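J.: Please find structure00.cif (mmCIF, C-alpha atoms, pLDDT in the B column; chains and numbers go by the auth columns) on the next line:
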```cif
data_entry
loop_
_atom_site.group_PDB
_atom_site.id
_atom_site.type_symbol
_atom_site.label_atom_id
_atom_site.label_comp_id
_atom_site.label_asym_id
_atom_site.label_seq_id
_atom_site.Cartn_x
_atom_site.Cartn_y
_atom_site.Cartn_z
_atom_site.B_iso_or_equiv
_atom_site.auth_seq_id
_atom_site.auth_asym_id
ATOM 1 C CA MET A 1 12.886 -19.490 -8.357 29.00 1 A
ATOM 2 C CA SER A 2 15.942 -18.119 -6.576 28.00 2 A
ATOM 3 C CA THR A 3 15.534 -14.519 -7.744 28.00 3 A
ATOM 4 C CA PRO A 4 13.920 -12.002 -5.378 28.00 4 A
ATOM 5 C CA PHE A 5 10.193 -11.623 -5.811 28.00 5 A
ATOM 6 C CA ARG A 6 7.110 -10.262 -4.151 28.00 6 A
ATOM 7 C CA ASN A 7 4.667 -12.841 -3.114 33.00 7 A
ATOM 8 C CA VAL A 8 1.792 -13.048 -0.735 35.00 8 A
ATOM 9 C CA TYR A 9 0.628 -16.367 0.603 30.00 9 A
ATOM 10 C CA MET A 10 -2.042 -17.136 3.089 30.00 10 A
ATOM 11 C CA SER A 11 -1.372 -20.014 5.304 30.00 11 A
ATOM 12 C CA MET A 12 -2.227 -21.651 8.562 31.00 12 A
ATOM 13 C CA THR A 13 -4.506 -23.869 10.326 30.00 13 A
ATOM 14 C CA THR A 14 -7.214 -22.774 12.712 32.00 14 A
ATOM 15 C CA LEU A 15 -8.549 -19.307 11.993 36.00 15 A
ATOM 16 C CA PRO A 16 -7.260 -17.312 9.051 42.00 16 A
ATOM 17 C CA LEU A 17 -3.859 -15.886 8.688 43.00 17 A
ATOM 18 C CA LEU A 18 -2.466 -13.583 6.099 44.00 18 A
ATOM 19 C CA LEU A 19 1.024 -13.872 4.793 45.00 19 A
ATOM 20 C CA LEU A 20 3.064 -11.672 2.500 45.00 20 A
ATOM 21 C CA LEU A 21 6.330 -12.688 0.925 46.00 21 A
ATOM 22 C CA LEU A 22 8.411 -10.119 -0.912 46.00 22 A
ATOM 23 C CA SER A 23 11.896 -8.936 -1.706 48.00 23 A
ATOM 24 C CA ALA A 24 13.566 -7.598 1.384 48.00 24 A
ATOM 25 C CA GLN A 25 13.413 -3.802 1.289 52.00 25 A
ATOM 26 C CA ASP A 26 13.362 -1.168 3.978 58.00 26 A
ATOM 27 C CA PRO A 27 10.842 0.378 4.206 65.00 27 A
ATOM 28 C CA PRO A 28 8.554 -2.145 2.493 67.00 28 A
ATOM 29 C CA PRO A 29 6.900 -0.831 -0.697 68.00 29 A
ATOM 30 C CA TYR A 30 3.500 -2.187 0.278 72.00 30 A
ATOM 31 C CA SER A 31 0.750 -1.482 2.752 75.00 31 A
ATOM 32 C CA LEU A 32 -0.896 -4.415 4.534 76.00 32 A
ATOM 33 C CA PRO A 33 -3.417 -3.134 7.080 76.00 33 A
ATOM 34 C CA ALA A 34 -5.322 -5.503 9.336 76.00 34 A
ATOM 35 C CA PRO A 35 -8.317 -5.083 11.628 76.00 35 A
ATOM 36 C CA GLN A 36 -7.681 -4.000 15.211 80.00 36 A
ATOM 37 C CA GLY A 37 -6.838 -6.929 17.470 81.00 37 A
ATOM 38 C CA TRP A 38 -5.244 -9.085 14.750 80.00 38 A
ATOM 39 C CA GLY A 39 -1.784 -10.523 15.490 81.00 39 A
ATOM 40 C CA LYS A 40 1.316 -9.864 13.384 81.00 40 A
ATOM 41 C CA GLU A 41 4.461 -11.822 12.611 80.00 41 A
ATOM 42 C CA ARG A 42 7.365 -11.416 10.177 79.00 42 A
ATOM 43 C CA MET A 43 9.816 -14.127 9.083 76.00 43 A
ATOM 44 C CA GLU A 44 12.726 -14.007 6.647 76.00 44 A
ATOM 45 C CA PHE A 45 13.384 -16.561 3.920 74.00 45 A
ATOM 46 C CA PRO A 46 14.641 -19.215 3.793 76.00 46 A
ATOM 47 C CA LEU A 47 12.102 -20.518 6.302 75.00 47 A
ATOM 48 C CA GLY A 48 13.464 -22.899 8.892 79.00 48 A
ATOM 49 C CA PHE A 49 10.589 -25.328 8.378 78.00 49 A
ATOM 50 C CA ALA A 50 10.542 -25.218 4.548 78.00 50 A
ATOM 51 C CA LYS A 51 14.134 -24.682 3.398 80.00 51 A
ATOM 52 C CA ASP A 52 13.376 -26.299 0.038 78.00 52 A
ATOM 53 C CA LEU A 53 11.162 -23.293 -0.840 73.00 53 A
ATOM 54 C CA ASP A 54 13.781 -21.497 -2.918 71.00 54 A
ATOM 55 C CA HIS A 55 12.538 -17.914 -2.511 68.00 55 A
ATOM 56 C CA LYS A 56 14.107 -14.742 -1.149 68.00 56 A
ATOM 57 C CA GLY A 57 12.256 -12.143 0.881 69.00 57 A
ATOM 58 C CA VAL A 58 10.094 -11.959 3.954 69.00 58 A
ATOM 59 C CA GLU A 59 6.841 -13.481 5.068 71.00 59 A
ATOM 60 C CA GLU A 60 4.443 -11.009 6.631 76.00 60 A
ATOM 61 C CA LEU A 61 1.559 -12.588 8.529 78.00 61 A
ATOM 62 C CA ARG A 62 -1.716 -11.367 9.975 78.00 62 A
ATOM 63 C CA PHE A 63 -3.650 -13.624 12.364 74.00 63 A
ATOM 64 C CA ALA A 64 -7.358 -13.318 13.086 71.00 64 A
ATOM 65 C CA PRO A 65 -8.321 -13.309 16.781 69.00 65 A
ATOM 66 C CA GLY A 66 -8.790 -16.875 18.011 63.00 66 A
ATOM 67 C CA MET A 67 -6.197 -18.259 15.595 61.00 67 A
ATOM 68 C CA PHE A 68 -4.677 -20.556 18.213 56.00 68 A
ATOM 69 C CA LYS A 69 -7.843 -21.451 20.128 55.00 69 A
ATOM 70 C CA ALA A 70 -9.332 -24.880 19.489 47.00 70 A
ATOM 71 C CA GLU A 71 -12.802 -23.618 20.371 42.00 71 A
ATOM 72 C CA ALA A 72 -12.608 -21.189 17.447 42.00 72 A
ATOM 73 C CA LEU A 73 -12.537 -24.110 15.004 41.00 73 A
ATOM 74 C CA ASP A 74 -15.378 -25.528 12.910 38.00 74 A
ATOM 75 C CA GLY A 75 -14.085 -28.590 12.461 29.00 75 A
ATOM 76 C CA THR A 76 9.124 -13.782 -11.922 62.00 76 A
ATOM 77 C CA VAL A 77 7.559 -16.669 -10.342 71.00 77 A
ATOM 78 C CA SER A 78 5.053 -19.066 -11.801 77.00 78 A
ATOM 79 C CA PHE A 79 1.606 -18.791 -10.279 87.00 79 A
ATOM 80 C CA GLU A 80 0.202 -21.536 -12.453 92.00 80 A
ATOM 81 C CA PRO A 81 -1.936 -23.967 -10.410 95.00 81 A
ATOM 82 C CA GLN A 82 0.659 -26.767 -10.582 94.00 82 A
ATOM 83 C CA ALA A 83 3.464 -24.487 -9.360 90.00 83 A
ATOM 84 C CA LEU A 84 1.270 -23.143 -6.556 92.00 84 A
ATOM 85 C CA GLU A 85 0.354 -26.690 -5.531 95.00 85 A
ATOM 86 C CA LYS A 86 4.037 -27.632 -5.243 91.00 86 A
ATOM 87 C CA ASP A 87 4.947 -24.527 -3.229 89.00 87 A
ATOM 88 C CA LEU A 88 1.927 -24.796 -0.937 93.00 88 A
ATOM 89 C CA MET A 89 2.671 -28.503 -0.361 94.00 89 A
ATOM 90 C CA LYS A 90 6.274 -27.712 0.604 91.00 90 A
ATOM 91 C CA TYR A 91 5.126 -24.910 2.891 89.00 91 A
ATOM 92 C CA TYR A 92 2.347 -26.753 4.701 93.00 92 A
ATOM 93 C CA LYS A 93 4.114 -30.093 4.930 94.00 93 A
ATOM 94 C CA GLY A 94 7.234 -28.389 6.291 92.00 94 A
ATOM 95 C CA LEU A 95 5.231 -26.278 8.730 91.00 95 A
ATOM 96 C CA CYS A 96 3.257 -29.289 9.916 94.00 96 A
ATOM 97 C CA ALA A 97 6.389 -31.425 10.360 94.00 97 A
ATOM 98 C CA SER A 98 8.235 -28.704 12.259 92.00 98 A
ATOM 99 C CA VAL A 99 5.412 -27.852 14.666 91.00 99 A
ATOM 100 C CA ALA A 100 4.452 -31.516 15.167 94.00 100 A
ATOM 101 C CA ALA A 101 8.055 -32.409 16.029 94.00 101 A
ATOM 102 C CA SER A 102 8.267 -29.589 18.566 93.00 102 A
ATOM 103 C CA ARG A 103 5.018 -30.819 20.176 93.00 103 A
ATOM 104 C CA LYS A 104 6.001 -34.496 19.880 95.00 104 A
ATOM 105 C CA LEU A 105 2.967 -35.264 17.708 94.00 105 A
ATOM 106 C CA GLU A 106 3.014 -38.186 15.303 94.00 106 A
ATOM 107 C CA LEU A 107 1.203 -37.096 12.137 96.00 107 A
ATOM 108 C CA ASP A 108 1.052 -38.920 8.809 96.00 108 A
ATOM 109 C CA LEU A 109 2.411 -36.232 6.485 96.00 109 A
ATOM 110 C CA THR A 110 1.724 -38.433 3.432 96.00 110 A
ATOM 111 C CA LYS A 111 -1.967 -37.649 3.918 97.00 111 A
ATOM 112 C CA ILE A 112 -1.465 -33.915 3.297 97.00 112 A
ATOM 113 C CA SER A 113 -2.867 -32.865 -0.077 98.00 113 A
ATOM 114 C CA VAL A 114 -3.156 -29.590 -1.999 97.00 114 A
ATOM 115 C CA LYS A 115 -5.468 -28.783 -4.918 98.00 115 A
ATOM 116 C CA VAL A 116 -5.378 -25.429 -6.761 97.00 116 A
ATOM 117 C CA ASP A 117 -7.767 -24.328 -9.533 97.00 117 A
ATOM 118 C CA ARG A 118 -7.650 -21.109 -11.576 97.00 118 A
ATOM 119 C CA GLN A 119 -10.807 -18.989 -11.761 96.00 119 A
ATOM 120 C CA GLU A 120 -11.747 -17.838 -15.276 95.00 120 A
ATOM 121 C CA LYS A 121 -12.789 -14.354 -14.179 96.00 121 A
ATOM 122 C CA LYS A 122 -9.948 -11.941 -13.340 96.00 122 A
ATOM 123 C CA GLY A 123 -9.844 -10.121 -10.003 94.00 123 A
ATOM 124 C CA ARG A 124 -8.135 -6.983 -8.644 94.00 124 A
ATOM 125 C CA LEU A 125 -4.999 -6.850 -6.494 90.00 125 A
ATOM 126 C CA GLY A 126 -3.549 -3.553 -5.322 88.00 126 A
ATOM 127 C CA GLY A 127 -5.654 -1.679 -7.882 89.00 127 A
ATOM 128 C CA GLU A 128 -4.538 -3.788 -10.862 91.00 128 A
ATOM 129 C CA GLU A 129 -6.007 -6.768 -12.729 93.00 129 A
ATOM 130 C CA ALA A 130 -4.928 -10.109 -11.271 93.00 130 A
ATOM 131 C CA ASP A 131 -5.387 -13.822 -11.827 94.00 131 A
ATOM 132 C CA VAL A 132 -7.456 -15.609 -9.174 96.00 132 A
ATOM 133 C CA CYS A 133 -7.063 -19.176 -7.926 96.00 133 A
ATOM 134 C CA HIS A 134 -8.906 -21.219 -5.317 97.00 134 A
ATOM 135 C CA ALA A 135 -7.130 -23.841 -3.243 96.00 135 A
ATOM 136 C CA ARG A 136 -8.011 -26.581 -0.802 97.00 136 A
ATOM 137 C CA ILE A 137 -5.425 -27.966 1.592 97.00 137 A
ATOM 138 C CA ASP A 138 -6.173 -31.098 3.577 97.00 138 A
ATOM 139 C CA TRP A 139 -3.658 -31.312 6.379 96.00 139 A
ATOM 140 C CA TYR A 140 -3.545 -31.219 10.196 96.00 140 A
ATOM 141 C CA ASP A 141 -3.838 -28.557 12.855 93.00 141 A
ATOM 142 C CA PRO A 142 -0.365 -29.043 14.376 92.00 142 A
ATOM 143 C CA PHE A 143 -0.723 -26.008 16.655 89.00 143 A
ATOM 144 C CA VAL A 144 -3.719 -26.910 18.800 89.00 144 A
ATOM 145 C CA THR A 145 -5.631 -30.143 18.155 92.00 145 A
ATOM 146 C CA GLY A 146 -3.334 -32.331 16.033 94.00 146 A
ATOM 147 C CA LYS A 147 -6.450 -33.386 14.118 94.00 147 A
ATOM 148 C CA PRO A 148 -7.075 -33.344 10.341 96.00 148 A
ATOM 149 C CA LEU A 149 -8.129 -29.947 9.042 94.00 149 A
ATOM 150 C CA THR A 150 -9.274 -28.604 5.675 96.00 150 A
ATOM 151 C CA LEU A 151 -8.115 -25.109 4.783 95.00 151 A
ATOM 152 C CA HIS A 152 -9.740 -23.043 2.000 96.00 152 A
ATOM 153 C CA LEU A 153 -7.688 -20.391 0.187 94.00 153 A
ATOM 154 C CA GLU A 154 -8.313 -17.634 -2.326 95.00 154 A
ATOM 155 C CA LEU A 155 -5.184 -16.393 -4.143 93.00 155 A
ATOM 156 C CA TRP A 156 -4.645 -13.317 -6.350 92.00 156 A
ATOM 157 C CA SER A 157 -1.464 -12.923 -8.432 90.00 157 A
ATOM 158 C CA ARG A 158 0.027 -10.319 -10.766 88.00 158 A
ATOM 159 C CA ARG A 159 3.290 -8.714 -11.827 85.00 159 A
ATOM 160 C CA ALA A 160 4.491 -5.732 -9.771 81.00 160 A
ATOM 161 C CA ASP A 161 7.135 -2.980 -9.859 76.00 161 A
ATOM 162 C CA GLY A 162 6.978 -2.540 -13.622 79.00 162 A
ATOM 163 C CA GLY A 163 7.119 -6.290 -14.201 78.00 163 A
ATOM 164 C CA LYS A 164 10.323 -6.768 -12.177 75.00 164 A
ATOM 165 C CA ARG A 165 8.618 -8.699 -9.405 76.00 165 A
ATOM 166 C CA SER A 166 5.627 -10.924 -8.766 77.00 166 A
ATOM 167 C CA CYS A 167 2.919 -10.473 -6.166 82.00 167 A
ATOM 168 C CA LEU A 168 0.716 -13.211 -4.758 83.00 168 A
ATOM 169 C CA PHE A 169 -1.914 -12.374 -2.154 87.00 169 A
ATOM 170 C CA ALA A 170 -3.761 -15.138 -0.385 88.00 170 A
ATOM 171 C CA ILE A 171 -6.402 -15.408 2.296 91.00 171 A
ATOM 172 C CA ALA A 172 -7.340 -18.621 4.067 91.00 172 A
ATOM 173 C CA SER A 173 -9.679 -20.079 6.614 91.00 173 A
ATOM 174 C CA PRO A 174 -11.090 -23.494 7.526 92.00 174 A
ATOM 175 C CA LYS A 175 -14.483 -21.787 7.720 92.00 175 A
ATOM 176 C CA ASP A 176 -17.059 -22.110 4.961 92.00 176 A
ATOM 177 C CA LYS A 177 -16.896 -19.280 2.386 91.00 177 A
ATOM 178 C CA SER A 178 -20.218 -17.948 3.698 93.00 178 A
ATOM 179 C CA ALA A 179 -18.734 -17.357 7.181 92.00 179 A
ATOM 180 C CA PRO A 180 -18.258 -13.716 8.335 91.00 180 A
ATOM 181 C CA ILE A 181 -14.474 -14.139 8.570 90.00 181 A
ATOM 182 C CA TRP A 182 -14.267 -14.133 4.762 93.00 182 A
ATOM 183 C CA THR A 183 -15.736 -10.634 4.695 91.00 183 A
ATOM 184 C CA ALA A 184 -12.942 -9.442 7.018 89.00 184 A
ATOM 185 C CA LEU A 185 -10.288 -11.222 4.956 89.00 185 A
ATOM 186 C CA ARG A 186 -11.531 -9.777 1.671 91.00 186 A
ATOM 187 C CA LYS A 187 -11.550 -6.303 3.240 89.00 187 A
ATOM 188 C CA ILE A 188 -7.820 -6.696 3.919 87.00 188 A
ATOM 189 C CA LEU A 189 -7.394 -7.648 0.274 88.00 189 A
ATOM 190 C CA GLU A 190 -9.245 -4.498 -0.808 90.00 190 A
ATOM 191 C CA ASP A 191 -7.006 -2.321 1.400 87.00 191 A
ATOM 192 C CA PHE A 192 -3.744 -3.897 0.198 86.00 192 A
ATOM 193 C CA THR A 193 -1.518 -1.710 -1.975 85.00 193 A
ATOM 194 C CA CYS A 194 1.685 -2.443 -3.880 81.00 194 A
ATOM 195 C CA PRO A 195 3.507 -0.865 -6.847 79.00 195 A
ATOM 196 C CA LYS A 196 2.045 -1.343 -10.341 82.00 196 A
#
```
Could the structure of this file be written out as structure tokens, please?

T.:
Amino acid sequence: MSTPFRNVYMSMTTLPLLLLLLSAQDPPPYSLPAPQGWGKERMEFPLGFAKDLDHKGVEELRFAPGMFKAEALDGTVSFEPQALEKDLMKYYKGLCASVAASRKLELDLTKISVKVDRQEKKGRLGGEEADVCHARIDWYDPFVTGKPLTLHLELWSRRADGGKRSCLFAIASPKDKSAPIWTALRKILEDFTCPK
């Protein structure tokens, strides 16, 4: 997993966040629009809080308004479910540990769990057919409340750049799938472009 790849993960705790991981290139070969008022962040790999994630590239994030407000809460890479579970566990456990340590929170990281299931029906990512997975992450909100939090994810994956790279796009929210935020997240998915 040390070769450069394109990957998009969704991560975070309170309100949704969108995250794109890809080979470092300037300018980036993708377009990742977000609604007006959404926050942006970009981090390079390896990530300080998850150094055991052996990927190269950048993480591009989009945060929905209210992401860090407690009152907004309701309560060639393998993208096989088992591989995604391992990577998501490393990411979220590392993120939780890092933020909790900086806030002097004592959280039981052994209680973090990740479950990923593949959907039978294919989806579309950047105009091409893609595999679709659904994930559930039970962890904590280390940023605001320090309390347990369940995060729901939808993930689309496919090969990109003539098969030279992989692309994983993920959206996430603790909100129920019927909540309006999922409409906004799926709109970002529809507007995402990357090479075939």

J.: Between A:Leu61, A:Leu155, A:Ala97, A:Ala50, which is the closest to Glu80 of chain A once you count all atoms listed in the file?

T.: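 Nearest to Glu80 of chain A: A:Leu155.
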
J.: Here is a test: counting all atoms listed in the file, which residue of A:Leu125, A:Asp176, A:Gln119, A:Pro142 is nearest to Lys104 of chain A?

T.: A:Pro142

J.: In Å, with one decimal, what is the gap from atom CA of Gly48 of chain A to atom CA of Ala100 of chain A?

T.: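 These atoms are spaced 14.0 Å apart.
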
J.: Report, in Å with one decimal, the straight-line distance from atom CA of Ala64 of chain A to atom CA of Ile137 of chain A.

T.: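 Atom CA of Ala64 of chain A sits 18.7 Å away from atom CA of Ile137 of chain A.
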
J.: Mind checking which residues fall within 10 Å of Gly94 of chain A, counting all atoms listed in the file, ignoring those fewer than 3 positions away in the same chain, and posting them as a list in words?

T.: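 Returned residues: Leu47, Gly48, Phe49, Ala50, Lys51, Asp52, Leu53, Leu88, Met89, Lys90, Tyr91, Ala97, Ser98, Val99, Ala100 and Leu109 of chain A.
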
J.: On this structure, the PyMOL selection byres ((chain A and resi 42) around 7) would catch which residues? List them as a PyMOL selection string, sorted by chain and number.

T.: chain A and resi 41+43-44+58-61

J.: State, in Å with one decimal place, the distance from atom CA of Lys86 of chain A to atom CA of Trp139 of chain A.

T.: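 Separation between atom CA of Lys86 of chain A and atom CA of Trp139 of chain A: 14.4 Å.
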
J.: Could you produce a table of the residues of segment 165-193 of chain A lying within 12 Å of segment 145-149 of chain A, with the nearest pair of atoms per residue and their separation in Å rounded to one decimal, using all atoms listed in the file, ordered by chain and increasing residue number, as CSV?

T.:
```
residue,atom,partner,partner_atom,distance
A:Ser173,CA,A:Leu149,CA,10.3
A:Pro174,CA,A:Leu149,CA,7.3
A:Lys175,CA,A:Leu149,CA,10.4
```

J.: Go through A:Arg118, A:Arg103, A:Phe63, A:Ala179 one by one, measure the shortest atom-to-atom distance of each to Gly39 of chain A using only C-alpha atoms, and give the residue with the smallest value.

T.: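 Closest to Gly39 of chain A, using only C-alpha atoms: A:Phe63.
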
J.: Of the candidates A:Pro33, A:Gly162, A:Pro81, A:Pro180, which shows the shortest atom-to-atom distance to Thr193 of chain A, using all atoms listed in the file?

T.: A:Pro33

J.: With only C-alpha atoms as the basis for distance, which of A:Lys93, A:Lys40, A:Lys196, A:Arg165 is at the shortest distance from Ile112 of chain A?

T.: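 The closest residue to Ile112 of chain A is A:Lys93.
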
J.: Can you tell me which residues surround Asp161 of chain A at a distance of at most 9 Å, considering only C-alpha atoms, apart from same-chain residues fewer than 5 positions away, and format the answer as a list in words?

T.: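 That gives Ser166, Cys194, Pro195 and Lys196 of chain A.
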
J.: Given all atoms listed in the file as the basis, pick out the residue of A:Leu95, A:Asp191, A:Arg159, A:Lys164 nearest to Ser31 of chain A.

T.: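 Nearest to Ser31 of chain A: A:Asp191.
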
J.: Please expand the PyMOL selection byres ((chain A and resi 134) around 7) into the concrete residues it hits in this file, giving the result as a list in words.

T.: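 Applying the expression gives Val116, Asp117, Arg118, Val132, Cys133, Ala135, Leu153, Glu154 and Leu155 of chain A.
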
J.: Since I can't run it myself right now, could you work out what the PyMOL selection byres ((chain A and resi 158) around 7) selects here and report it as a PyMOL selection string?

T.: chain A and resi 130-131+157+159-160+166-168

J.: For those residues, write C-alpha atoms to a file as a PDB file, in the frame of the given file.

T.:
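The resulting file, result_31.pdb, is reproduced below:
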```pdb
ATOM      1  CA  ALA A 130      -4.928 -10.109 -11.271  1.00 93.00           C
ATOM      2  CA  ASP A 131      -5.387 -13.822 -11.827  1.00 94.00           C
ATOM      3  CA  SER A 157      -1.464 -12.923  -8.432  1.00 90.00           C
ATOM      4  CA  ARG A 159       3.290  -8.714 -11.827  1.00 85.00           C
ATOM      5  CA  ALA A 160       4.491  -5.732  -9.771  1.00 81.00           C
ATOM      6  CA  SER A 166       5.627 -10.924  -8.766  1.00 77.00           C
ATOM      7  CA  CYS A 167       2.919 -10.473  -6.166  1.00 82.00           C
ATOM      8  CA  LEU A 168       0.716 -13.211  -4.758  1.00 83.00           C
TER       9      LEU A 168
END
```
